Amino acid sequence: MNNNKPIGIFDSGIGGTSIWREIHHLLPDEQTIYLADSKNAPYGQKSKNEIIALCMKNTDLLLQMDCKLIVVACNTATTNAIKELRAKYEVPFIGIEPAIKPAALNSKTQKIGILATQGTLISELFNKTAEQFHTTKILEQVGHGLVQLIEKGQINSPAMTELLHSYLQPMIAADIDYLVLGCSHYPYLIPQIKKILPDHIHIIDSGQAVARQTQNLLNKEVGFTNLKNSKPVFYTNTDSTVLKEILKNEYEVIEKDF
Ligand code: DGL
């Protein structure tokens, strides 16, 4: 089965490009359209209803662009709105959730840390998943301020180092051996985080799992493209400088009001 329509991907901003990267790496021929809703970032402090409305706005635009499948490349959006999106639209959705399961199953100390937004950590979906692993101690930390600094391009700033130290030191002291990155912006912080964490603490995120899930869905239901040399397109509703930087100026970035 072939389907040459594009895959739509959206996030509250530039962070979901970490997920896009994994999808593009696994499925390089697929045409991808990415929406960075940076004007409305961060989603993590908004109400559930506000997040649902923003997700529907992004979905409507991707459907106007004829997408065959939508990847919600944002943990906050997925944990607050995926049910409502699936109920309203016929297009298939893939969401992203914090990878608690592999961390809990592999942890030797049975203590894991999770860094995510407030919206994700208070969501029903996240708490239901966490309950399944109640024998593991899960240290939750809201990454206040991290998304804002990443959106400003201040990944390696002293302010970022200071925030990360304050969030990670208590987890190190509590003897975690896995740190789950529960926000698609945070993989961009891995080099910084590695400088703070001792070597025995593993860092995991959900990017590769989402890419594999996308591949499975194309295989089973949606269909792969049979075109070659696809060109990814990125849209942002703010100034495009930081998004271009994070993409190393390799792809087309369009500023658009949405
Ligand atoms: N990338 C989003 C996530 O995965 C960031 C959320 C936000 O905008 O606060 O949760």
# chains A, B, ... in the order shown; residues from 1 in each chain; ligands from 1
$ residues_near_ligand --ligand "ligand 1" --cutoff "8 Å" --atoms "only C-alpha atoms and all ligand atoms" --output "PDB file with N, CA, C and O atoms, in the first residue's frame"
ATOM      1  N   ASP A  11       4.509  20.474  17.778  1.00  0.00           N
ATOM      2  CA  ASP A  11       4.942  20.619  19.175  1.00  0.00           C
ATOM      3  C   ASP A  11       4.651  22.056  19.585  1.00  0.00           C
ATOM      4  O   ASP A  11       4.395  22.919  18.734  1.00  0.00           O
ATOM      5  N   SER A  12       4.734  22.308  20.885  1.00  0.00           N
ATOM      6  CA  SER A  12       4.560  23.671  21.376  1.00  0.00           C
ATOM      7  C   SER A  12       5.695  24.579  20.906  1.00  0.00           C
ATOM      8  O   SER A  12       5.658  25.774  21.173  1.00  0.00           O
ATOM      9  N   GLY A  13       6.692  24.028  20.272  1.00  0.00           N
ATOM     10  CA  GLY A  13       7.802  24.866  19.822  1.00  0.00           C
ATOM     11  C   GLY A  13       8.819  24.036  19.085  1.00  0.00           C
ATOM     12  O   GLY A  13       8.462  23.120  18.334  1.00  0.00           O
ATOM     13  N   ILE A  14      10.101  24.333  19.356  1.00  0.00           N
ATOM     14  CA  ILE A  14      11.165  23.703  18.570  1.00  0.00           C
ATOM     15  C   ILE A  14      11.573  22.326  19.094  1.00  0.00           C
ATOM     16  O   ILE A  14      12.250  21.576  18.407  1.00  0.00           O
ATOM     17  N   GLY A  15      11.148  21.989  20.332  1.00  0.00           N
ATOM     18  CA  GLY A  15      11.619  20.752  20.970  1.00  0.00           C
ATOM     19  C   GLY A  15      11.267  19.484  20.217  1.00  0.00           C
ATOM     20  O   GLY A  15      12.072  18.550  20.135  1.00  0.00           O
ATOM     21  N   GLY A  16      10.076  19.462  19.626  1.00  0.00           N
ATOM     22  CA  GLY A  16       9.629  18.262  18.918  1.00  0.00           C
ATOM     23  C   GLY A  16      10.485  17.922  17.706  1.00  0.00           C
ATOM     24  O   GLY A  16      10.363  16.841  17.131  1.00  0.00           O
ATOM     25  N   ASN A  40       2.845  30.038  21.291  1.00  0.00           N
ATOM     26  CA  ASN A  40       2.053  29.618  22.463  1.00  0.00           C
ATOM     27  C   ASN A  40       2.850  28.794  23.477  1.00  0.00           C
ATOM     28  O   ASN A  40       2.272  28.222  24.401  1.00  0.00           O
ATOM     29  N   ALA A  41       4.167  28.697  23.285  1.00  0.00           N
ATOM     30  CA  ALA A  41       4.999  27.956  24.258  1.00  0.00           C
ATOM     31  C   ALA A  41       5.164  28.799  25.525  1.00  0.00           C
ATOM     32  O   ALA A  41       5.193  30.030  25.429  1.00  0.00           O
ATOM     33  N   PRO A  42       5.280  28.182  26.692  1.00  0.00           N
ATOM     34  CA  PRO A  42       5.175  26.744  26.914  1.00  0.00           C
ATOM     35  C   PRO A  42       3.730  26.297  27.120  1.00  0.00           C
ATOM     36  O   PRO A  42       2.930  27.039  27.674  1.00  0.00           O
ATOM     37  N   TYR A  43       3.428  25.077  26.654  1.00  0.00           N
ATOM     38  CA  TYR A  43       2.107  24.496  26.916  1.00  0.00           C
ATOM     39  C   TYR A  43       2.020  24.017  28.376  1.00  0.00           C
ATOM     40  O   TYR A  43       0.932  23.861  28.909  1.00  0.00           O
ATOM     41  N   GLY A  44       3.166  23.719  28.946  1.00  0.00           N
ATOM     42  CA  GLY A  44       3.228  23.027  30.235  1.00  0.00           C
ATOM     43  C   GLY A  44       2.533  23.711  31.401  1.00  0.00           C
ATOM     44  O   GLY A  44       2.223  23.073  32.399  1.00  0.00           O
ATOM     45  N   GLN A  45       2.294  25.026  31.273  1.00  0.00           N
ATOM     46  CA  GLN A  45       1.605  25.710  32.373  1.00  0.00           C
ATOM     47  C   GLN A  45       0.174  26.104  32.006  1.00  0.00           C
ATOM     48  O   GLN A  45      -0.484  26.828  32.731  1.00  0.00           O
ATOM     49  N   ALA A  73       4.259  15.580  18.853  1.00  0.00           N
ATOM     50  CA  ALA A  73       5.641  15.441  19.333  1.00  0.00           C
ATOM     51  C   ALA A  73       5.865  16.226  20.612  1.00  0.00           C
ATOM     52  O   ALA A  73       6.882  16.910  20.783  1.00  0.00           O
ATOM     53  N   CYS A  74       4.900  16.126  21.518  1.00  0.00           N
ATOM     54  CA  CYS A  74       4.921  16.903  22.754  1.00  0.00           C
ATOM     55  C   CYS A  74       4.249  16.069  23.836  1.00  0.00           C
ATOM     56  O   CYS A  74       3.087  15.656  23.679  1.00  0.00           O
ATOM     57  N   ASN A  75       4.976  15.818  24.910  1.00  0.00           N
ATOM     58  CA  ASN A  75       4.416  15.018  26.005  1.00  0.00           C
ATOM     59  C   ASN A  75       3.237  15.716  26.663  1.00  0.00           C
ATOM     60  O   ASN A  75       2.240  15.086  27.013  1.00  0.00           O
ATOM     61  N   THR A  76       3.354  17.032  26.816  1.00  0.00           N
ATOM     62  CA  THR A  76       2.290  17.789  27.475  1.00  0.00           C
ATOM     63  C   THR A  76       1.005  17.724  26.656  1.00  0.00           C
ATOM     64  O   THR A  76      -0.092  17.524  27.195  1.00  0.00           O
ATOM     65  N   ALA A  77       1.143  17.880  25.345  1.00  0.00           N
ATOM     66  CA  ALA A  77      -0.027  17.828  24.465  1.00  0.00           C
ATOM     67  C   ALA A  77      -0.612  16.420  24.443  1.00  0.00           C
ATOM     68  O   ALA A  77      -1.830  16.241  24.516  1.00  0.00           O
ATOM     69  N   ILE A  96       3.368  11.008  22.273  1.00  0.00           N
ATOM     70  CA  ILE A  96       4.616  10.719  22.980  1.00  0.00           C
ATOM     71  C   ILE A  96       4.392  10.873  24.484  1.00  0.00           C
ATOM     72  O   ILE A  96       3.829  11.868  24.932  1.00  0.00           O
ATOM     73  N   ALA A 116       9.904  16.616  33.605  1.00  0.00           N
ATOM     74  CA  ALA A 116       8.837  16.869  32.628  1.00  0.00           C
ATOM     75  C   ALA A 116       8.160  18.190  32.979  1.00  0.00           C
ATOM     76  O   ALA A 116       8.499  18.837  33.973  1.00  0.00           O
ATOM     77  N   THR A 117       7.185  18.575  32.167  1.00  0.00           N
ATOM     78  CA  THR A 117       6.473  19.823  32.473  1.00  0.00           C
ATOM     79  C   THR A 117       5.404  19.549  33.533  1.00  0.00           C
ATOM     80  O   THR A 117       5.006  18.402  33.762  1.00  0.00           O
ATOM     81  N   GLN A 118       4.945  20.631  34.122  1.00  0.00           N
ATOM     82  CA  GLN A 118       3.874  20.509  35.125  1.00  0.00           C
ATOM     83  C   GLN A 118       2.637  19.864  34.499  1.00  0.00           C
ATOM     84  O   GLN A 118       2.014  18.983  35.084  1.00  0.00           O
ATOM     85  N   GLY A 119       2.304  20.305  33.263  1.00  0.00           N
ATOM     86  CA  GLY A 119       1.119  19.781  32.577  1.00  0.00           C
ATOM     87  C   GLY A 119       1.175  18.275  32.404  1.00  0.00           C
ATOM     88  O   GLY A 119       0.159  17.575  32.526  1.00  0.00           O
ATOM     89  N   THR A 120       2.349  17.745  32.118  1.00  0.00           N
ATOM     90  CA  THR A 120       2.503  16.298  31.962  1.00  0.00           C
ATOM     91  C   THR A 120       2.394  15.604  33.320  1.00  0.00           C
ATOM     92  O   THR A 120       1.668  14.609  33.467  1.00  0.00           O
ATOM     93  N   VAL A 147      11.998  24.956  29.093  1.00  0.00           N
ATOM     94  CA  VAL A 147      11.466  25.135  27.732  1.00  0.00           C
ATOM     95  C   VAL A 147      11.668  26.588  27.274  1.00  0.00           C
ATOM     96  O   VAL A 147      12.090  26.845  26.134  1.00  0.00           O
ATOM     97  N   GLY A 182      10.983  13.595  30.051  1.00  0.00           N
ATOM     98  CA  GLY A 182       9.562  13.526  29.712  1.00  0.00           C
ATOM     99  C   GLY A 182       9.062  14.748  28.976  1.00  0.00           C
ATOM    100  O   GLY A 182       7.900  15.135  29.116  1.00  0.00           O
ATOM    101  N   CYS A 183       9.919  15.365  28.196  1.00  0.00           N
ATOM    102  CA  CYS A 183       9.532  16.545  27.414  1.00  0.00           C
ATOM    103  C   CYS A 183      10.396  16.531  26.164  1.00  0.00           C
ATOM    104  O   CYS A 183      11.608  16.316  26.253  1.00  0.00           O
ATOM    105  N   SER A 184       9.777  16.751  25.008  1.00  0.00           N
ATOM    106  CA  SER A 184      10.538  16.594  23.761  1.00  0.00           C
ATOM    107  C   SER A 184      11.565  17.706  23.552  1.00  0.00           C
ATOM    108  O   SER A 184      12.410  17.610  22.666  1.00  0.00           O
ATOM    109  N   HIS A 185      11.518  18.753  24.351  1.00  0.00           N
ATOM    110  CA  HIS A 185      12.574  19.766  24.276  1.00  0.00           C
ATOM    111  C   HIS A 185      13.877  19.270  24.933  1.00  0.00           C
ATOM    112  O   HIS A 185      14.961  19.731  24.589  1.00  0.00           O
ATOM    113  N   TYR A 186      13.750  18.391  25.932  1.00  0.00           N
ATOM    114  CA  TYR A 186      14.908  18.102  26.786  1.00  0.00           C
ATOM    115  C   TYR A 186      16.041  17.307  26.136  1.00  0.00           C
ATOM    116  O   TYR A 186      17.184  17.422  26.612  1.00  0.00           O
TER     117      TYR A 186
END
$ residues_around --residues "Leu35 (chain A)" --least-positions-apart "6" --cutoff "7 Å" --atoms "only C-alpha atoms" --output "ChimeraX atom specification"
/A:9-11,234-236
$ write_last_selection --atoms "N, CA, C and O atoms" --output "PDB file, in the first residue's frame"
ATOM      1  N   ILE A   9       3.644  16.752  11.959  1.00  0.00           N
ATOM      2  CA  ILE A   9       4.227  16.660  13.306  1.00  0.00           C
ATOM      3  C   ILE A   9       4.059  18.027  13.953  1.00  0.00           C
ATOM      4  O   ILE A   9       4.321  19.053  13.307  1.00  0.00           O
ATOM      5  N   PHE A  10       3.617  18.069  15.208  1.00  0.00           N
ATOM      6  CA  PHE A  10       3.594  19.387  15.866  1.00  0.00           C
ATOM      7  C   PHE A  10       4.064  19.311  17.311  1.00  0.00           C
ATOM      8  O   PHE A  10       4.043  18.268  17.942  1.00  0.00           O
ATOM      9  N   ASP A  11       4.509  20.474  17.778  1.00  0.00           N
ATOM     10  CA  ASP A  11       4.942  20.619  19.175  1.00  0.00           C
ATOM     11  C   ASP A  11       4.651  22.056  19.585  1.00  0.00           C
ATOM     12  O   ASP A  11       4.395  22.919  18.734  1.00  0.00           O
ATOM     13  N   PHE A 234       9.352  23.047   7.613  1.00  0.00           N
ATOM     14  CA  PHE A 234       9.099  23.466   8.998  1.00  0.00           C
ATOM     15  C   PHE A 234       8.375  24.802   8.993  1.00  0.00           C
ATOM     16  O   PHE A 234       8.786  25.722   8.265  1.00  0.00           O
ATOM     17  N   TYR A 235       7.340  24.897   9.803  1.00  0.00           N
ATOM     18  CA  TYR A 235       6.631  26.174   9.964  1.00  0.00           C
ATOM     19  C   TYR A 235       6.763  26.624  11.409  1.00  0.00           C
ATOM     20  O   TYR A 235       6.652  25.811  12.333  1.00  0.00           O
ATOM     21  N   THR A 236       6.976  27.923  11.592  1.00  0.00           N
ATOM     22  CA  THR A 236       6.967  28.475  12.945  1.00  0.00           C
ATOM     23  C   THR A 236       6.122  29.737  12.944  1.00  0.00           C
ATOM     24  O   THR A 236       6.098  30.462  11.942  1.00  0.00           O
TER      25      THR A 236
END
$ closest_residue --among "A:Met171, A:Leu163, A:Thr17, A:Pro98" --to "Gln148 (chain A)" --atoms "only C-alpha atoms"
A:Leu163
$ select_by_dssp --residues "region 2-133 of chain A" --states "helix (DSSP H, G or I)" --output "MDAnalysis selection string"
chainID A and resid 17:26 38:40 48:64 75:88 100:106 118:121 124:131
$ select_by_dssp --residues "region 148-247 of chain A" --states "strand (DSSP E or B)" --output "list of chain:residue names"
A:Tyr178, A:Leu179, A:Val180, A:Leu181, A:Gly182, A:His202, A:Ile203, A:Ile204, A:Phe224, A:Val233, A:Phe234, A:Tyr235, A:Thr236
$ atom_distance --atom1 "CA of Phe258 (chain A)" --atom2 "CA of Glu97 (chain A)"
25.2 Å
$ residues_around --residues "Gly145 (chain A)" --least-positions-apart "4" --cutoff "9 Å" --atoms "only C-alpha atoms" --output "list of chain:residue names"
A:Leu149, A:Ile150, A:Met160, A:Leu163
$ write_last_selection --atoms "all heavy atoms" --output "short mmCIF file (atom, residue, chain, number, x, y, z; two decimals), in the first residue's frame"
data_model
loop_
_atom_site.label_atom_id
_atom_site.label_comp_id
_atom_site.auth_asym_id
_atom_site.auth_seq_id
_atom_site.Cartn_x
_atom_site.Cartn_y
_atom_site.Cartn_z
N LEU A 149 13.98 28.72 28.11
CA LEU A 149 15.39 28.99 27.74
C LEU A 149 15.74 28.33 26.41
O LEU A 149 16.42 28.92 25.58
CB LEU A 149 16.34 28.48 28.83
CG LEU A 149 16.41 29.31 30.12
CD1 LEU A 149 17.31 28.62 31.15
CD2 LEU A 149 16.93 30.72 29.85
N ILE A 150 15.24 27.11 26.19
CA ILE A 150 15.52 26.41 24.92
C ILE A 150 14.92 27.20 23.76
O ILE A 150 15.53 27.40 22.72
CB ILE A 150 15.00 24.96 24.95
CG1 ILE A 150 15.75 24.15 26.00
CG2 ILE A 150 15.14 24.29 23.57
CD1 ILE A 150 15.14 22.79 26.33
N MET A 160 20.82 28.01 32.37
CA MET A 160 20.41 26.61 32.14
C MET A 160 21.18 25.67 33.07
O MET A 160 20.60 24.78 33.70
CB MET A 160 20.67 26.25 30.67
CG MET A 160 20.26 24.85 30.32
SD MET A 160 18.47 24.64 30.43
CE MET A 160 17.98 25.21 28.81
N LEU A 163 19.78 25.88 36.58
CA LEU A 163 18.48 25.21 36.75
C LEU A 163 18.66 23.69 36.76
O LEU A 163 18.11 22.99 37.61
CB LEU A 163 17.52 25.57 35.61
CG LEU A 163 16.84 26.93 35.66
CD1 LEU A 163 15.92 27.10 34.45
CD2 LEU A 163 16.04 27.09 36.93
#
$ closest_residue --among "A:Ala53, A:Leu85, A:Leu62, A:Val253" --to "Ile7 (chain A)" --atoms "only C-alpha atoms"
A:Leu62
$ residues_around --residues "Leu115 (chain A)" --least-positions-apart "6" --cutoff "9 Å" --atoms "only C-alpha atoms" --output "MDAnalysis selection string"
chainID A and resid 98 121 139:143 167:168 179:183 186
$ residues_around --residues "region 20-24 of chain A" --least-positions-apart "4" --cutoff "7 Å" --atoms "only C-alpha atoms" --output "list in words"
Gly16, Pro28, Gly207, Gln208 and Ala211 of chain A
$ write_last_selection --atoms "N, CA and C atoms" --output "PDB file, in the first residue's frame"
ATOM      1  N   GLY A  16      10.076  19.462  19.626  1.00  0.00           N
ATOM      2  CA  GLY A  16       9.629  18.262  18.918  1.00  0.00           C
ATOM      3  C   GLY A  16      10.485  17.922  17.706  1.00  0.00           C
ATOM      4  N   PRO A  28      13.556   8.142   5.889  1.00  0.00           N
ATOM      5  CA  PRO A  28      14.051   9.331   5.179  1.00  0.00           C
ATOM      6  C   PRO A  28      13.268   9.709   3.929  1.00  0.00           C
ATOM      7  N   GLY A 207      12.111   9.327  21.776  1.00  0.00           N
ATOM      8  CA  GLY A 207      12.195   9.646  20.349  1.00  0.00           C
ATOM      9  C   GLY A 207      12.230   8.429  19.432  1.00  0.00           C
ATOM     10  N   GLN A 208      13.130   7.484  19.742  1.00  0.00           N
ATOM     11  CA  GLN A 208      13.255   6.320  18.847  1.00  0.00           C
ATOM     12  C   GLN A 208      12.002   5.455  18.886  1.00  0.00           C
ATOM     13  N   ALA A 211       9.449   6.942  16.618  1.00  0.00           N
ATOM     14  CA  ALA A 211       9.780   6.705  15.204  1.00  0.00           C
ATOM     15  C   ALA A 211       9.405   5.272  14.812  1.00  0.00           C
TER      16      ALA A 211
END
$ closest_residue --among "A:Arg212, A:Lys57, A:Lys83, A:Lys220" --to "His25 (chain A)" --atoms "only C-alpha atoms"
A:Arg212
$ closest_residue --among "A:Gly95, A:Ile52, A:Lys137, A:Glu151" --to "Lys244 (chain A)" --atoms "only C-alpha atoms"
A:Glu151
$ closest_residue --among "A:Gln31, A:Gln110, A:Asn3, A:Ser123" --to "Leu218 (chain A)" --atoms "only C-alpha atoms"
A:Asn3
$ closest_residue --among "A:Ile246, A:Leu63, A:Ile19, A:Leu54" --to "Ala209 (chain A)" --atoms "only C-alpha atoms"
A:Ile19
